[in-house]
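K.L.:
Can you read through this structure? Questions will come right after.
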Amino acid sequence: MTKRRARGEGGLHWDESRQRWIATITVGYTPAGKRIVRKGSGKTKTEARTKLREKIRDYEDGLALVQDGHTVADALTDWLTYGLSNQSENTKSNYTTLVRSHIISDLGARKLRDLTATDVDRWLLDKSRHLSTRTLRLLHSLLNRAVNRAMARDKVKRNVVALCAVPSGRTGRPSKSLTFDQAKMLLVAAEDSSLHAYIVLSLLTGARTEELRALIWAHVDLTGKPDNDPPAPPSIQVWRSVRVDGDTKTKKSRRTLALPARCVTALTIHRERQGRPAADRLVFPSAAGTALDRHNVLRAFRPVVAKAGLDPRDWTPRELRHSFVSLLSDSGMSIEQIADLCGHSGTTVTESVYRHQLRPVLLSGAVAMDRIFGAEA
């Protein structure tokens with residue numbers, strides 16, 4: 001006589017069409033009274049019961065996987081669609097390109113529940129042969145955020161990406177600065193360019209490219225207040241940027257910069273060419289009147305670089321800001337003053353990233369000792 005199964009053990013039967021044993025159990029009921037059934041299948045009775053026990057544990061832990069076939073590509077697509085609502089269109093486009101080119105193409109077909117930390121380690125190591133460390137960190141972050149979202153929606157039990165360290169990649173192209181002679185040649189070459197005022201302002205004030213692209217004429221004072229005591233010089237108010245929230249990179253970045261005479265001249269000519277535009281108009285608009293993007297600026301910048309006798313492939317508009325810092329540093333200005341002009345919250349970034357001194361010789365100790373002991377031999 002067949003022994004009757006105890007309550008809670010569920011059922012077990014052979015499915016002829018699938019050629020597999022099917023173990024089933026009722027784990028509860030919906031509010032409408034419908035049974036909630038979990039199933040496990042296998043080629044043997046033992047395998048089917050083992051799969052069923054896993055499903056029961058998942059259900060009891062609140063991690064019932066409603067889509068066993070959910071892939072890495074599905075998780076990434078879901079995150080790109082719903083997880084970037086607070087990002088700019090440019091950021092969304094960049095992330096989408098990176099995800100499709102480097103993650104979905106390599107890991108996309110993998111079922112999310114089968115993805116292992118070893119898979120991710122191997123993928124990152126392979127990418128490290130061709131990509132910079134910064135790009136590797138970004139790719140790891142994108143995949144990590146997508147799997148975190150999938151985990152929060154019960155598509156996977158845990159995020160194995162968070163367990164993986166990012167290897168070192170290829171060394172990226174280091175930023176550099178123009179020498180004084182190169183800077184002079186660039187300013188001369190820019191005189192007939194539509195980007196003339198932009199280049200002069202970027203090189204002589206150190207404003208970020210995203211700050212200049214958002215600058216409006218209301219924030220430009222080309223006369224100052226010479227009758228005040230003390231007189232107020234011509235200036236620009238760096239209070240906006242083309243970031244998604246319209247604000248500057250940090251609170252310290254909101255600053256008012258006095259304009260060198262060369263900037264005043266270039267901006268005056270630039271305003272006259274625009275027909276003395278309204279105060280709320282952009283200083284550097286596109287042909288459509290909208291804010292320039294970085295590609296617009298780069299396309300107009302490269303011919304100027306070539307005319308100055310430099311290789312356009314070696315220079316970007318962002319390096320005008322690096323040149324601003326280095327030229328001031330080489331002239332003897334303190335790093336604290338330069339950090340204030342750049343809108344840095346401290347001197348660390350100014351010192352380690354932006355300053356490329358033209359004559360990196362520390363003179364202060366020798367000058368002080370000559371003053372103490374005298375310069376005679």
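Chain labels run A, B, ... following the order of the structure tokens; each chain numbers its residues from 1, and ligands are numbered from 1 in the order shown.
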Output as a count of residues only all residues of region 110-255 of chain A that backbone DSSP marks as alpha helix (DSSP H).

P.N.:
55

K.L.:
I want to know what sits within 9 Å of region 309-325 of chain A, based on only C-alpha atoms, with residues of the same chain fewer than 4 positions away left out; could you give that as number ranges by chain?

P.N.:
A: 175-180, 182-183, 185-186, 199, 202-209, 294, 297-298, 301-305, 329-330, 335, 338-339, 342, 350, 353-357

K.L.:
Based on the selection just made, write N, CA and C atoms of those residues as a short mmCIF file (atom, residue, chain, number, x, y, z; two decimals), in the first residue's frame.

P.N.:
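Result file follows (part.cif):
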```
data_model
loop_
_atom_site.label_atom_id
_atom_site.label_comp_id
_atom_site.auth_asym_id
_atom_site.auth_seq_id
_atom_site.Cartn_x
_atom_site.Cartn_y
_atom_site.Cartn_z
N SER A 175 45.89 65.42 -18.91
CA SER A 175 45.61 66.80 -19.29
C SER A 175 46.90 67.60 -19.25
N LYS A 176 46.93 68.65 -20.01
CA LYS A 176 48.14 69.46 -20.08
C LYS A 176 47.75 70.91 -20.24
N SER A 177 48.74 71.78 -20.23
CA SER A 177 48.47 73.21 -20.37
C SER A 177 49.34 73.81 -21.45
N LEU A 178 48.86 74.91 -21.99
CA LEU A 178 49.62 75.65 -22.99
C LEU A 178 50.77 76.40 -22.33
N THR A 179 51.88 76.49 -23.04
CA THR A 179 52.93 77.39 -22.59
C THR A 179 52.48 78.82 -22.87
N PHE A 180 53.22 79.78 -22.34
CA PHE A 180 52.86 81.17 -22.57
C PHE A 180 52.89 81.51 -24.06
N GLN A 182 52.54 79.41 -26.60
CA GLN A 182 51.44 78.72 -27.26
C GLN A 182 50.11 79.44 -27.01
N ALA A 183 49.93 79.93 -25.77
CA ALA A 183 48.70 80.66 -25.44
C ALA A 183 48.59 81.93 -26.28
N MET A 185 49.90 82.46 -29.27
CA MET A 185 49.60 82.07 -30.64
C MET A 185 48.13 81.67 -30.80
N LEU A 186 47.58 81.01 -29.79
CA LEU A 186 46.17 80.60 -29.86
C LEU A 186 45.25 81.82 -29.85
N ILE A 199 37.13 81.68 -26.38
CA ILE A 199 38.49 81.24 -26.08
C ILE A 199 39.20 82.23 -25.17
N SER A 202 37.69 81.91 -21.65
CA SER A 202 38.07 80.65 -21.00
C SER A 202 39.52 80.66 -20.54
N LEU A 203 40.42 81.17 -21.40
CA LEU A 203 41.85 81.16 -21.08
C LEU A 203 42.22 82.19 -20.03
N LEU A 204 41.55 83.35 -20.04
CA LEU A 204 41.94 84.46 -19.17
C LEU A 204 41.15 84.54 -17.87
N THR A 205 40.05 83.76 -17.74
CA THR A 205 39.30 83.76 -16.48
C THR A 205 39.26 82.37 -15.84
N GLY A 206 39.53 81.31 -16.62
CA GLY A 206 39.50 79.95 -16.07
C GLY A 206 38.11 79.40 -15.85
N ALA A 207 37.08 80.05 -16.39
CA ALA A 207 35.71 79.54 -16.22
C ALA A 207 35.56 78.19 -16.90
N ARG A 208 34.76 77.31 -16.32
CA ARG A 208 34.52 76.00 -16.91
C ARG A 208 33.73 76.14 -18.21
N THR A 209 33.92 75.18 -19.10
CA THR A 209 33.21 75.25 -20.38
C THR A 209 31.70 75.17 -20.18
N ARG A 294 29.06 70.45 -26.02
CA ARG A 294 30.53 70.33 -26.07
C ARG A 294 31.03 69.98 -27.47
N VAL A 297 31.37 73.24 -29.51
CA VAL A 297 32.57 73.98 -29.12
C VAL A 297 33.83 73.31 -29.67
N LEU A 298 33.88 71.98 -29.58
CA LEU A 298 35.07 71.25 -30.04
C LEU A 298 35.26 71.42 -31.54
N PHE A 301 36.63 74.79 -32.15
CA PHE A 301 37.93 74.98 -31.49
C PHE A 301 39.08 74.39 -32.30
N ARG A 302 38.85 73.26 -32.93
CA ARG A 302 39.94 72.55 -33.61
C ARG A 302 40.59 73.35 -34.74
N PRO A 303 39.82 74.04 -35.60
CA PRO A 303 40.49 74.85 -36.63
C PRO A 303 41.36 75.97 -36.06
N VAL A 304 40.96 76.53 -34.92
CA VAL A 304 41.75 77.58 -34.27
C VAL A 304 43.08 76.99 -33.78
N VAL A 305 43.02 75.80 -33.19
CA VAL A 305 44.23 75.14 -32.71
C VAL A 305 45.18 74.86 -33.87
N SER A 329 50.06 80.11 -11.84
CA SER A 329 50.99 79.49 -10.90
C SER A 329 52.42 79.84 -11.26
N ASP A 330 52.72 79.78 -12.56
CA ASP A 330 54.07 80.09 -13.01
C ASP A 330 54.43 81.56 -12.79
N ILE A 335 48.59 79.18 -4.64
CA ILE A 335 47.63 78.16 -5.02
C ILE A 335 46.27 78.43 -4.40
N ILE A 338 44.48 80.93 -6.63
CA ILE A 338 44.06 80.28 -7.87
C ILE A 338 42.84 79.40 -7.63
N ALA A 339 42.81 78.69 -6.50
CA ALA A 339 41.67 77.83 -6.18
C ALA A 339 40.39 78.66 -6.06
N CYS A 342 39.15 79.57 -9.48
CA CYS A 342 38.60 78.43 -10.20
C CYS A 342 37.30 77.92 -9.60
N THR A 350 43.12 71.75 -7.33
CA THR A 350 43.90 72.74 -8.07
C THR A 350 45.35 72.28 -8.19
N VAL A 353 45.42 68.29 -10.05
CA VAL A 353 44.81 68.05 -11.36
C VAL A 353 45.10 69.17 -12.35
N TYR A 354 44.96 70.40 -11.90
CA TYR A 354 44.96 71.51 -12.85
C TYR A 354 46.31 72.19 -13.03
N ARG A 355 47.16 72.19 -12.01
CA ARG A 355 48.39 72.97 -12.14
C ARG A 355 49.48 72.18 -12.84
N HIS A 356 49.91 72.65 -13.99
CA HIS A 356 51.02 72.06 -14.74
C HIS A 356 52.06 73.18 -14.90
N GLN A 357 52.82 73.40 -13.84
CA GLN A 357 53.73 74.55 -13.87
C GLN A 357 54.72 74.47 -15.02
#
```

K.L.:
Using only C-alpha atoms, determine which residues lie at most 12 Å from Trp79 (chain A), disregarding the query and same-chain residues fewer than 6 positions distant; provide the list as a list in words.

P.N.:
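With the cut-off at 12 Å, the set is Val72, Ala73, Ser85, Lys92, Tyr95, Thr96, Val99, Leu142, Leu143, Asn144, Arg145, Ala146, Val147, Asn148, Arg149, Ala150, Met151, Ala152 and Arg153 of chain A.
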
K.L.:
Between CA of Thr81 (chain A) and CA of Thr97 (chain A), what is the distance in Å, rounded to a tenth?

P.N.:
13.4 Å

K.L.:
Work out how far apart CA of Asp221 (chain A) and CA of Cys263 (chain A) are and give it in Å to one decimal.

P.N.:
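Going from CA of Asp221 (chain A) over to CA of Cys263 (chain A), I get 11.2 Å.
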
K.L.:
In Å, rounded to a single decimal, give me how far CA of Asn296 (chain A) is from CA of Ser93 (chain A).

P.N.:
16.4 Å
